[in-house]
Amino acid sequence: MARVYNFSAGPSMLPEAVLKTAQAELLDYHGSGMSVMEMSHRSKWFDEIITNTEAAMRRVLNIPDNYKIGFFQGGATQQFAMVPLNFMTTGTADYLVTGNFSKKAAEEAAKFGTARIAASSKDRNFTYIPDVQAIDYDPQASYIHICQNNTIFGTRYTEVPQVDGIPLIADMSSMICSEPVDVRKYGAIYFGVQKNIAPAGMAVAIVREDLLGRSARGLTPEQIPTMMNYTTLLKAGSMYNTPPCWCIYMTGLVMDYLEREVGGLEEMHRRNAAKAKVLYDYLDSQDFYRNPVQKEYRSLMNVTFTSPDPETDKAFCAEAAEAGLVNLKGHRLVGGMRASIYNAMPAEGVDALVAFMEKFRAAHQ
């Protein structure tokens with residue numbers, strides 16, 4: 001069967017070049033006689049993999065030396081609890097709620113202290129991002145938390161909060177490596193890898209060193225569960241226990257692809273902006289489909305839209321799948337359709353989607 005254009009929000013497409021490398025090395029990684037899925041995480045071969053993966057990630061994201069990188073199980077959802085456990089030193093933190101995952105992060109943080117909702121876009125069904133410069137932040141906040149790209153609602157931050165003395169912590173699961181990021185603006189960045197980086201099953205955290213060794217108010221660092229303690233896990237180089245070896249290996253292949261074949265994140269951003277422009281320009285040129293997001297906050301990764309009614313939405317998704325355009329059904333919270341056009345989605349896939357949308361419109365208007 002020919003490969004389809006997979007618009008899934010995650011797990012999502014991976015670059016074909018990466019998949020082919022993994023396929024070629026599947027049974028015998030670099031003369032080891034073993035697959036990466038079989039080898040010991042203490043072997044010289046895996047030591048090479050994790051060392052090279054971290055080094056490549058530092059280069060691709062331009063991560064300063066005073067930030068640690070960790071590879072963890074549990075996905076970004078586990079990070080929702082790890083962040084307050086490790087960083088809520090004053091007993092309170094500011095959360096900007098701009099979608100489902102930032103809402104869940106705030107709810108999880110509330111188990112460990114006060115998760116103050118400093119701003120929210122719920123009033124307009126999360127179709128915009130609050131003005132980060134107009135927010136009244138709590139001077140006692142341990143940190144400010146954002147979800148930088150909202151996968152479900154299709155919005156993104158165009159600027160991020162910067163408050164002296166209060167670290168910014170960002171969930172970048174659905175936009176990491178899609179464009180350059182100034183890591184120095186953040187105390188910590190975390191992301192699930194299943195959208196732009198690797199198969200599902202791992203989260204990465206990038207943590208500024210001066211934030212380590214802390215804990216939620218009322219706990220000592222030693223009272224944090226070991227597998228939720230950034231300091232312990234990072235001190236062990238992500239090897240306190242058996243790490244998600246295959247995901248780390250695949251992450252390394254994707255970093256190599258971004259460096260060698262794409263040419264870095266500036267070029268990746270150029271490609272992503274061009275893809276998104278094709279789709280948004282089409283949406284803005286007609287009145288059959290509707291994108292609800294305020295234009296300046298439209299995501300470059302997740303494009304949401306609806307047709308005139310839910311039955312037509314259903315027909316659209318079914319006919320699109322028959323045409324090789326799969327996983328376009330929108331999230332249950334918003335309905336409609338969602339085209340996730342992550343790094344691995346080629347421009348040809350977006351062109352094929354727009355051509356199908358116009359054909360479907362002509363047949364159903």
# chains A, B, ... in the order shown; residues from 1 in each chain; ligands from 1
call {"tool": "closest_atom_pairs", "arguments": {"of": "range 144-225 of chain A", "to": "range 249-257 of chain A", "cutoff": "12 Å", "atoms": "only C-alpha atoms", "output": "Markdown table"}}
result
| residue | atom | partner | partner_atom | distance |
| --- | --- | --- | --- | --- |
| A:Ile176 | CA | A:Met255 | CA | 11.6 |
| A:Cys177 | CA | A:Met255 | CA | 9.0 |
| A:Ser178 | CA | A:Met255 | CA | 11.8 |
| A:Gly192 | CA | A:Thr251 | CA | 11.3 |
| A:Val193 | CA | A:Thr251 | CA | 8.0 |
| A:Gln194 | CA | A:Thr251 | CA | 10.0 |
| A:Lys195 | CA | A:Thr251 | CA | 11.4 |
| A:Asn196 | CA | A:Val254 | CA | 8.7 |
| A:Ile197 | CA | A:Thr251 | CA | 5.7 |
| A:Ala198 | CA | A:Thr251 | CA | 5.3 |
| A:Pro199 | CA | A:Met250 | CA | 7.5 |
| A:Ala200 | CA | A:Met250 | CA | 10.5 |
| A:Gly201 | CA | A:Met250 | CA | 11.4 |
| A:Met202 | CA | A:Thr251 | CA | 9.9 |
| A:Ala203 | CA | A:Thr251 | CA | 10.7 |
| A:Val204 | CA | A:Thr251 | CA | 10.0 |
call {"tool": "select_by_dssp", "arguments": {"residues": "range 127-164 of chain A", "states": "strand (DSSP E or B)", "output": "JSON, numbers by chain"}}
result
{"A": [144, 145, 146, 147, 149, 150, 155, 156, 163]}
call {"tool": "write_last_selection", "arguments": {"atoms": "C-alpha atoms", "output": "CSV table (one decimal), in the first residue's frame"}}
result
chain,number,residue,atom,x,y,z
A,144,ILE,CA,4.8,31.1,35.0
A,145,HIS,CA,3.5,28.2,33.0
A,146,ILE,CA,2.3,28.2,29.4
A,147,CYS,CA,1.5,25.7,26.6
A,149,ASN,CA,1.1,25.8,20.9
A,150,ASN,CA,-2.4,24.5,21.5
A,155,THR,CA,-3.5,28.6,18.5
A,156,ARG,CA,0.1,29.6,19.4
A,163,VAL,CA,9.0,38.7,34.2
call {"tool": "closest_atom_pairs", "arguments": {"of": "range 42-126 of chain A", "to": "range 272-292 of chain A", "cutoff": "12 Å", "atoms": "only C-alpha atoms", "output": "JSON lines"}}
result
{"residue": "A:Arg124", "atom": "CA", "partner": "A:Pro292", "partner_atom": "CA", "distance": 9.8}
{"residue": "A:Asn125", "atom": "CA", "partner": "A:Pro292", "partner_atom": "CA", "distance": 9.4}
{"residue": "A:Phe126", "atom": "CA", "partner": "A:Pro292", "partner_atom": "CA", "distance": 9.6}
call {"tool": "residues_around", "arguments": {"residues": "Pro243 in chain A", "least_positions_apart": "4", "cutoff": "7 Å", "atoms": "only C-alpha atoms", "output": "list in words"}}
result
Phe72, Ser238 and Met239 of chain A
call {"tool": "select_by_dssp", "arguments": {"residues": "range 98-330 of chain A", "states": "helix (DSSP H, G or I)", "output": "VMD selection string"}}
result
chain A and resid 100 to 109 122 to 124 183 to 185 209 to 211 221 to 223 226 to 228 230 to 235 245 to 262 265 to 284 295 to 297 310 to 322
call {"tool": "write_last_selection", "arguments": {"atoms": "C-alpha atoms", "output": "PDB file, in the first residue's frame"}}
result
ATOM      1  CA  ASN A 100      -7.018  21.700  27.184  1.00  0.00           C
ATOM      2  CA  PHE A 101      -3.463  20.783  28.105  1.00  0.00           C
ATOM      3  CA  SER A 102      -2.629  23.997  29.943  1.00  0.00           C
ATOM      4  CA  LYS A 103      -5.912  23.482  31.822  1.00  0.00           C
ATOM      5  CA  LYS A 104      -4.863  19.949  32.763  1.00  0.00           C
ATOM      6  CA  ALA A 105      -1.428  21.179  33.804  1.00  0.00           C
ATOM      7  CA  ALA A 106      -3.032  23.727  36.130  1.00  0.00           C
ATOM      8  CA  GLU A 107      -5.355  21.114  37.599  1.00  0.00           C
ATOM      9  CA  GLU A 108      -2.410  18.834  38.320  1.00  0.00           C
ATOM     10  CA  ALA A 109      -0.393  21.656  39.876  1.00  0.00           C
ATOM     11  CA  LYS A 122     -11.762  30.219  27.724  1.00  0.00           C
ATOM     12  CA  ASP A 123     -14.196  33.118  27.277  1.00  0.00           C
ATOM     13  CA  ARG A 124     -13.906  32.742  23.490  1.00  0.00           C
ATOM     14  CA  VAL A 183      16.002  28.777  25.276  1.00  0.00           C
ATOM     15  CA  ARG A 184      17.434  31.491  27.540  1.00  0.00           C
ATOM     16  CA  LYS A 185      13.936  32.961  27.935  1.00  0.00           C
ATOM     17  CA  GLU A 209      20.641  24.326  36.354  1.00  0.00           C
ATOM     18  CA  ASP A 210      19.848  26.938  39.011  1.00  0.00           C
ATOM     19  CA  LEU A 211      16.290  25.573  39.291  1.00  0.00           C
ATOM     20  CA  PRO A 221      13.813  17.578  47.744  1.00  0.00           C
ATOM     21  CA  GLU A 222      14.356  14.129  49.274  1.00  0.00           C
ATOM     22  CA  GLN A 223      10.597  13.678  49.712  1.00  0.00           C
ATOM     23  CA  THR A 226      12.522   9.453  42.921  1.00  0.00           C
ATOM     24  CA  MET A 227      11.091   9.020  39.429  1.00  0.00           C
ATOM     25  CA  MET A 228       9.555  12.518  39.601  1.00  0.00           C
ATOM     26  CA  TYR A 230      14.447  16.245  38.051  1.00  0.00           C
ATOM     27  CA  THR A 231      17.638  16.562  40.089  1.00  0.00           C
ATOM     28  CA  THR A 232      18.020  12.820  40.620  1.00  0.00           C
ATOM     29  CA  LEU A 233      17.133  11.882  37.043  1.00  0.00           C
ATOM     30  CA  LEU A 234      19.295  14.551  35.420  1.00  0.00           C
ATOM     31  CA  LYS A 235      22.246  13.834  37.708  1.00  0.00           C
ATOM     32  CA  CYS A 245      15.902   3.580  24.508  1.00  0.00           C
ATOM     33  CA  TRP A 246      14.118   3.335  21.160  1.00  0.00           C
ATOM     34  CA  CYS A 247      12.637   6.831  21.477  1.00  0.00           C
ATOM     35  CA  ILE A 248      16.049   8.257  22.345  1.00  0.00           C
ATOM     36  CA  TYR A 249      17.532   6.571  19.278  1.00  0.00           C
ATOM     37  CA  MET A 250      14.762   7.885  17.025  1.00  0.00           C
ATOM     38  CA  THR A 251      15.163  11.368  18.511  1.00  0.00           C
ATOM     39  CA  GLY A 252      18.819  11.259  17.537  1.00  0.00           C
ATOM     40  CA  LEU A 253      17.922  10.319  13.970  1.00  0.00           C
ATOM     41  CA  VAL A 254      15.457  13.219  13.755  1.00  0.00           C
ATOM     42  CA  MET A 255      18.033  15.670  15.153  1.00  0.00           C
ATOM     43  CA  ASP A 256      20.496  14.458  12.520  1.00  0.00           C
ATOM     44  CA  TYR A 257      17.822  14.904   9.835  1.00  0.00           C
ATOM     45  CA  LEU A 258      17.089  18.471  10.981  1.00  0.00           C
ATOM     46  CA  GLU A 259      20.793  19.329  10.949  1.00  0.00           C
ATOM     47  CA  ARG A 260      22.003  17.595   7.821  1.00  0.00           C
ATOM     48  CA  GLU A 261      19.026  17.351   5.489  1.00  0.00           C
ATOM     49  CA  VAL A 262      16.933  20.369   6.466  1.00  0.00           C
ATOM     50  CA  LEU A 265      15.438  25.332  12.420  1.00  0.00           C
ATOM     51  CA  GLU A 266      15.460  28.580  10.449  1.00  0.00           C
ATOM     52  CA  GLU A 267      14.877  26.575   7.287  1.00  0.00           C
ATOM     53  CA  MET A 268      12.393  24.289   9.047  1.00  0.00           C
ATOM     54  CA  HIS A 269      10.411  27.360  10.105  1.00  0.00           C
ATOM     55  CA  ARG A 270      10.457  28.720   6.554  1.00  0.00           C
ATOM     56  CA  ARG A 271       9.019  25.462   5.251  1.00  0.00           C
ATOM     57  CA  ASN A 272       6.396  25.275   7.989  1.00  0.00           C
ATOM     58  CA  ALA A 273       5.279  28.880   7.472  1.00  0.00           C
ATOM     59  CA  ALA A 274       4.956  28.267   3.733  1.00  0.00           C
ATOM     60  CA  LYS A 275       2.842  25.129   4.269  1.00  0.00           C
ATOM     61  CA  ALA A 276       0.569  26.884   6.760  1.00  0.00           C
ATOM     62  CA  LYS A 277       0.151  29.881   4.428  1.00  0.00           C
ATOM     63  CA  VAL A 278      -1.125  27.659   1.621  1.00  0.00           C
ATOM     64  CA  LEU A 279      -3.797  26.177   3.862  1.00  0.00           C
ATOM     65  CA  TYR A 280      -4.818  29.379   5.640  1.00  0.00           C
ATOM     66  CA  ASP A 281      -4.899  31.342   2.377  1.00  0.00           C
ATOM     67  CA  TYR A 282      -7.316  28.787   0.985  1.00  0.00           C
ATOM     68  CA  LEU A 283      -9.488  28.885   4.108  1.00  0.00           C
ATOM     69  CA  ASP A 284      -9.638  32.689   3.898  1.00  0.00           C
ATOM     70  CA  LYS A 295      -5.568  35.346  12.752  1.00  0.00           C
ATOM     71  CA  GLU A 296      -2.494  36.583  14.588  1.00  0.00           C
ATOM     72  CA  TYR A 297      -2.577  33.543  16.898  1.00  0.00           C
ATOM     73  CA  PRO A 310     -21.395  18.116  11.678  1.00  0.00           C
ATOM     74  CA  GLU A 311     -22.797  15.695   9.105  1.00  0.00           C
ATOM     75  CA  THR A 312     -20.796  17.368   6.365  1.00  0.00           C
ATOM     76  CA  ASP A 313     -17.713  17.265   8.624  1.00  0.00           C
ATOM     77  CA  LYS A 314     -18.212  13.515   8.968  1.00  0.00           C
ATOM     78  CA  ALA A 315     -18.541  13.063   5.222  1.00  0.00           C
ATOM     79  CA  PHE A 316     -15.444  15.191   4.657  1.00  0.00           C
ATOM     80  CA  CYS A 317     -13.285  13.018   6.911  1.00  0.00           C
ATOM     81  CA  ALA A 318     -14.562   9.792   5.355  1.00  0.00           C
ATOM     82  CA  GLU A 319     -14.016  10.923   1.779  1.00  0.00           C
ATOM     83  CA  ALA A 320     -10.620  12.414   2.633  1.00  0.00           C
ATOM     84  CA  ALA A 321      -9.473   9.096   4.083  1.00  0.00           C
ATOM     85  CA  GLU A 322     -10.516   7.324   0.883  1.00  0.00           C
TER      86      GLU A 322
END
call {"tool": "atom_distance", "arguments": {"atom1": "CA of Ser174 in chain A", "atom2": "CA of Leu61 in chain A"}}
result
15.1 Å
call {"tool": "closest_atom_pairs", "arguments": {"of": "range 277-313 of chain A", "to": "range 331-350 of chain A", "cutoff": "6 Å", "atoms": "only C-alpha atoms", "output": "CSV"}}
result
residue,atom,partner,partner_atom,distance
A:Met301,CA,A:Ile341,CA,5.1
A:Asn302,CA,A:Ser340,CA,4.3
A:Val303,CA,A:Ala339,CA,5.1
A:Thr304,CA,A:Arg338,CA,4.3
A:Phe305,CA,A:Met337,CA,5.3
A:Thr306,CA,A:Gly336,CA,4.4
A:Asp313,CA,A:Gly336,CA,5.6
call {"tool": "write_last_selection", "arguments": {"atoms": "C-alpha atoms", "output": "PDB file, in the first residue's frame"}}
result
ATOM      1  CA  MET A 301       1.309  23.160  13.303  1.00  0.00           C
ATOM      2  CA  ASN A 302      -2.406  22.472  13.902  1.00  0.00           C
ATOM      3  CA  VAL A 303      -4.963  23.997  11.539  1.00  0.00           C
ATOM      4  CA  THR A 304      -8.575  23.642  12.678  1.00  0.00           C
ATOM      5  CA  PHE A 305     -11.613  24.187  10.469  1.00  0.00           C
ATOM      6  CA  THR A 306     -15.253  23.231  10.105  1.00  0.00           C
ATOM      7  CA  ASP A 313     -17.713  17.265   8.624  1.00  0.00           C
TER       8      ASP A 313
END
call {"tool": "residues_around", "arguments": {"residues": "Met88 in chain A", "least_positions_apart": "4", "cutoff": "10 Å", "atoms": "only C-alpha atoms", "output": "list in words"}}
result
Met82, Val83, Pro84, Thr92, Ala93, Ala109, Phe112, Gly113, Thr114, Ala115, Ala141, Ser142, Tyr143, Arg214, Ser215, Ala216, Arg217 and Gly218 of chain A
call {"tool": "atom_distance", "arguments": {"atom1": "CA of Gly263 in chain A", "atom2": "CA of Gln148 in chain A"}}
result
23.8 Å
call {"tool": "residues_around", "arguments": {"residues": "Ala134 in chain A", "least_positions_apart": "6", "cutoff": "12 Å", "atoms": "only C-alpha atoms", "output": "PDB file with N, CA, C and O atoms, in the first residue's frame"}}
result
ATOM      1  N   ALA A 118      -3.714  33.034  35.953  1.00  0.00           N
ATOM      2  CA  ALA A 118      -3.390  34.445  35.758  1.00  0.00           C
ATOM      3  C   ALA A 118      -4.077  35.019  34.530  1.00  0.00           C
ATOM      4  O   ALA A 118      -4.321  36.230  34.446  1.00  0.00           O
ATOM      5  N   ALA A 119      -4.387  34.159  33.556  1.00  0.00           N
ATOM      6  CA  ALA A 119      -5.095  34.582  32.343  1.00  0.00           C
ATOM      7  C   ALA A 119      -5.659  33.345  31.665  1.00  0.00           C
ATOM      8  O   ALA A 119      -5.135  32.238  31.828  1.00  0.00           O
ATOM      9  N   VAL A 160       6.150  35.512  24.443  1.00  0.00           N
ATOM     10  CA  VAL A 160       5.984  34.769  25.686  1.00  0.00           C
ATOM     11  C   VAL A 160       6.236  35.678  26.881  1.00  0.00           C
ATOM     12  O   VAL A 160       6.944  36.684  26.771  1.00  0.00           O
ATOM     13  N   PRO A 161       5.657  35.346  28.036  1.00  0.00           N
ATOM     14  CA  PRO A 161       5.856  36.177  29.230  1.00  0.00           C
ATOM     15  C   PRO A 161       7.325  36.247  29.628  1.00  0.00           C
ATOM     16  O   PRO A 161       8.045  35.243  29.563  1.00  0.00           O
ATOM     17  N   GLN A 162       7.746  37.423  30.040  1.00  0.00           N
ATOM     18  CA  GLN A 162       9.095  37.619  30.562  1.00  0.00           C
ATOM     19  C   GLN A 162       8.982  38.530  31.780  1.00  0.00           C
ATOM     20  O   GLN A 162       8.782  39.739  31.648  1.00  0.00           O
ATOM     21  N   VAL A 163       9.103  37.956  32.966  1.00  0.00           N
ATOM     22  CA  VAL A 163       8.977  38.695  34.215  1.00  0.00           C
ATOM     23  C   VAL A 163      10.247  38.479  35.029  1.00  0.00           C
ATOM     24  O   VAL A 163      10.622  37.336  35.312  1.00  0.00           O
TER      25      VAL A 163
END
call {"tool": "decode", "arguments": {"residues": "range 238-250 of chain A", "atoms": "all heavy atoms", "output": "mmCIF file, in the first residue's frame"}}
result
data_model
loop_
_atom_site.group_PDB
_atom_site.id
_atom_site.type_symbol
_atom_site.label_atom_id
_atom_site.label_comp_id
_atom_site.auth_asym_id
_atom_site.auth_seq_id
_atom_site.Cartn_x
_atom_site.Cartn_y
_atom_site.Cartn_z
ATOM 1 N N SER A 238 19.763 10.693 32.762
ATOM 2 C CA SER A 238 18.564 9.996 32.269
ATOM 3 C C SER A 238 18.697 8.480 32.361
ATOM 4 O O SER A 238 17.915 7.747 31.752
ATOM 5 C CB SER A 238 18.226 10.393 30.825
ATOM 6 O OG SER A 238 18.059 11.780 30.701
ATOM 7 N N MET A 239 19.683 7.996 33.137
ATOM 8 C CA MET A 239 19.952 6.559 33.216
ATOM 9 C C MET A 239 19.768 6.038 34.636
ATOM 10 O O MET A 239 20.361 5.028 35.016
ATOM 11 C CB MET A 239 21.386 6.291 32.738
ATOM 12 C CG MET A 239 21.657 6.744 31.322
ATOM 13 S SD MET A 239 21.132 5.567 30.092
ATOM 14 C CE MET A 239 22.566 4.516 30.056
ATOM 15 N N TYR A 240 18.938 6.711 35.446
ATOM 16 C CA TYR A 240 18.677 6.211 36.791
ATOM 17 C C TYR A 240 18.048 4.821 36.718
ATOM 18 O O TYR A 240 18.354 3.947 37.515
ATOM 19 C CB TYR A 240 17.758 7.177 37.542
ATOM 20 C CG TYR A 240 17.464 6.740 38.958
ATOM 21 C CD1 TYR A 240 18.340 7.065 39.998
ATOM 22 C CD2 TYR A 240 16.329 5.990 39.261
ATOM 23 C CE1 TYR A 240 18.094 6.649 41.296
ATOM 24 C CE2 TYR A 240 16.080 5.563 40.555
ATOM 25 C CZ TYR A 240 16.954 5.895 41.567
ATOM 26 O OH TYR A 240 16.711 5.478 42.850
ATOM 27 N N ASN A 241 17.128 4.677 35.764
ATOM 28 C CA ASN A 241 16.573 3.359 35.457
ATOM 29 C C ASN A 241 16.679 3.159 33.951
ATOM 30 O O ASN A 241 17.271 3.987 33.255
ATOM 31 C CB ASN A 241 15.133 3.230 35.946
ATOM 32 C CG ASN A 241 14.181 4.084 35.123
ATOM 33 O OD1 ASN A 241 14.560 5.158 34.638
ATOM 34 N ND2 ASN A 241 12.959 3.627 34.957
ATOM 35 N N THR A 242 16.138 2.079 33.433
ATOM 36 C CA THR A 242 16.192 1.852 31.989
ATOM 37 C C THR A 242 15.408 2.945 31.275
ATOM 38 O O THR A 242 14.200 3.089 31.495
ATOM 39 C CB THR A 242 15.609 0.486 31.622
ATOM 40 O OG1 THR A 242 16.264 -0.523 32.386
ATOM 41 C CG2 THR A 242 15.806 0.198 30.146
ATOM 42 N N PRO A 243 16.044 3.733 30.439
ATOM 43 C CA PRO A 243 15.347 4.831 29.762
ATOM 44 C C PRO A 243 14.573 4.322 28.540
ATOM 45 O O PRO A 243 14.706 3.154 28.153
ATOM 46 C CB PRO A 243 16.496 5.750 29.341
ATOM 47 C CG PRO A 243 17.626 4.807 29.072
ATOM 48 C CD PRO A 243 17.475 3.688 30.084
ATOM 49 N N PRO A 244 13.764 5.180 27.933
ATOM 50 C CA PRO A 244 13.047 4.795 26.699
ATOM 51 C C PRO A 244 14.015 4.770 25.517
ATOM 52 O O PRO A 244 14.112 5.711 24.734
ATOM 53 C CB PRO A 244 11.976 5.888 26.561
ATOM 54 C CG PRO A 244 12.508 7.054 27.323
ATOM 55 C CD PRO A 244 13.369 6.508 28.419
ATOM 56 N N CYS A 245 14.751 3.656 25.408
ATOM 57 C CA CYS A 245 15.902 3.580 24.508
ATOM 58 C C CYS A 245 15.546 3.834 23.048
ATOM 59 O O CYS A 245 16.250 4.566 22.335
ATOM 60 C CB CYS A 245 16.571 2.217 24.645
ATOM 61 S SG CYS A 245 17.216 1.874 26.293
ATOM 62 N N TRP A 246 14.471 3.184 22.567
ATOM 63 C CA TRP A 246 14.118 3.335 21.160
ATOM 64 C C TRP A 246 13.756 4.787 20.845
ATOM 65 O O TRP A 246 14.163 5.314 19.798
ATOM 66 C CB TRP A 246 12.976 2.395 20.790
ATOM 67 C CG TRP A 246 12.577 2.469 19.348
ATOM 68 C CD1 TRP A 246 11.489 3.098 18.821
ATOM 69 C CD2 TRP A 246 13.303 1.929 18.236
ATOM 70 N NE1 TRP A 246 11.459 2.966 17.461
ATOM 71 C CE2 TRP A 246 12.566 2.252 17.063
ATOM 72 C CE3 TRP A 246 14.478 1.195 18.115
ATOM 73 C CZ2 TRP A 246 12.986 1.866 15.804
ATOM 74 C CZ3 TRP A 246 14.897 0.808 16.845
ATOM 75 C CH2 TRP A 246 14.160 1.151 15.708
ATOM 76 N N CYS A 247 13.015 5.431 21.717
ATOM 77 C CA CYS A 247 12.637 6.831 21.477
ATOM 78 C C CYS A 247 13.859 7.742 21.458
ATOM 79 O O CYS A 247 13.932 8.688 20.674
ATOM 80 C CB CYS A 247 11.646 7.302 22.545
ATOM 81 S SG CYS A 247 9.973 6.702 22.319
ATOM 82 N N ILE A 248 14.822 7.449 22.334
ATOM 83 C CA ILE A 248 16.049 8.257 22.345
ATOM 84 C C ILE A 248 16.801 8.083 21.029
ATOM 85 O O ILE A 248 17.288 9.052 20.425
ATOM 86 C CB ILE A 248 16.927 7.868 23.550
ATOM 87 C CG1 ILE A 248 16.226 8.290 24.852
ATOM 88 C CG2 ILE A 248 18.308 8.519 23.453
ATOM 89 C CD1 ILE A 248 16.873 7.749 26.113
ATOM 90 N N TYR A 249 16.889 6.858 20.567
ATOM 91 C CA TYR A 249 17.532 6.571 19.278
ATOM 92 C C TYR A 249 16.832 7.301 18.136
ATOM 93 O O TYR A 249 17.489 7.973 17.312
ATOM 94 C CB TYR A 249 17.511 5.064 19.049
ATOM 95 C CG TYR A 249 17.748 4.608 17.628
ATOM 96 C CD1 TYR A 249 19.001 4.712 17.031
ATOM 97 C CD2 TYR A 249 16.698 4.049 16.891
ATOM 98 C CE1 TYR A 249 19.207 4.267 15.727
ATOM 99 C CE2 TYR A 249 16.904 3.598 15.594
ATOM 100 C CZ TYR A 249 18.154 3.717 15.017
ATOM 101 O OH TYR A 249 18.353 3.278 13.721
ATOM 102 N N MET A 250 15.504 7.214 18.091
ATOM 103 C CA MET A 250 14.762 7.885 17.025
ATOM 104 C C MET A 250 14.895 9.402 17.129
ATOM 105 O O MET A 250 14.969 10.107 16.109
ATOM 106 C CB MET A 250 13.293 7.474 17.070
ATOM 107 C CG MET A 250 13.040 6.011 16.703
ATOM 108 S SD MET A 250 13.485 5.613 14.999
ATOM 109 C CE MET A 250 12.201 6.499 14.100
#
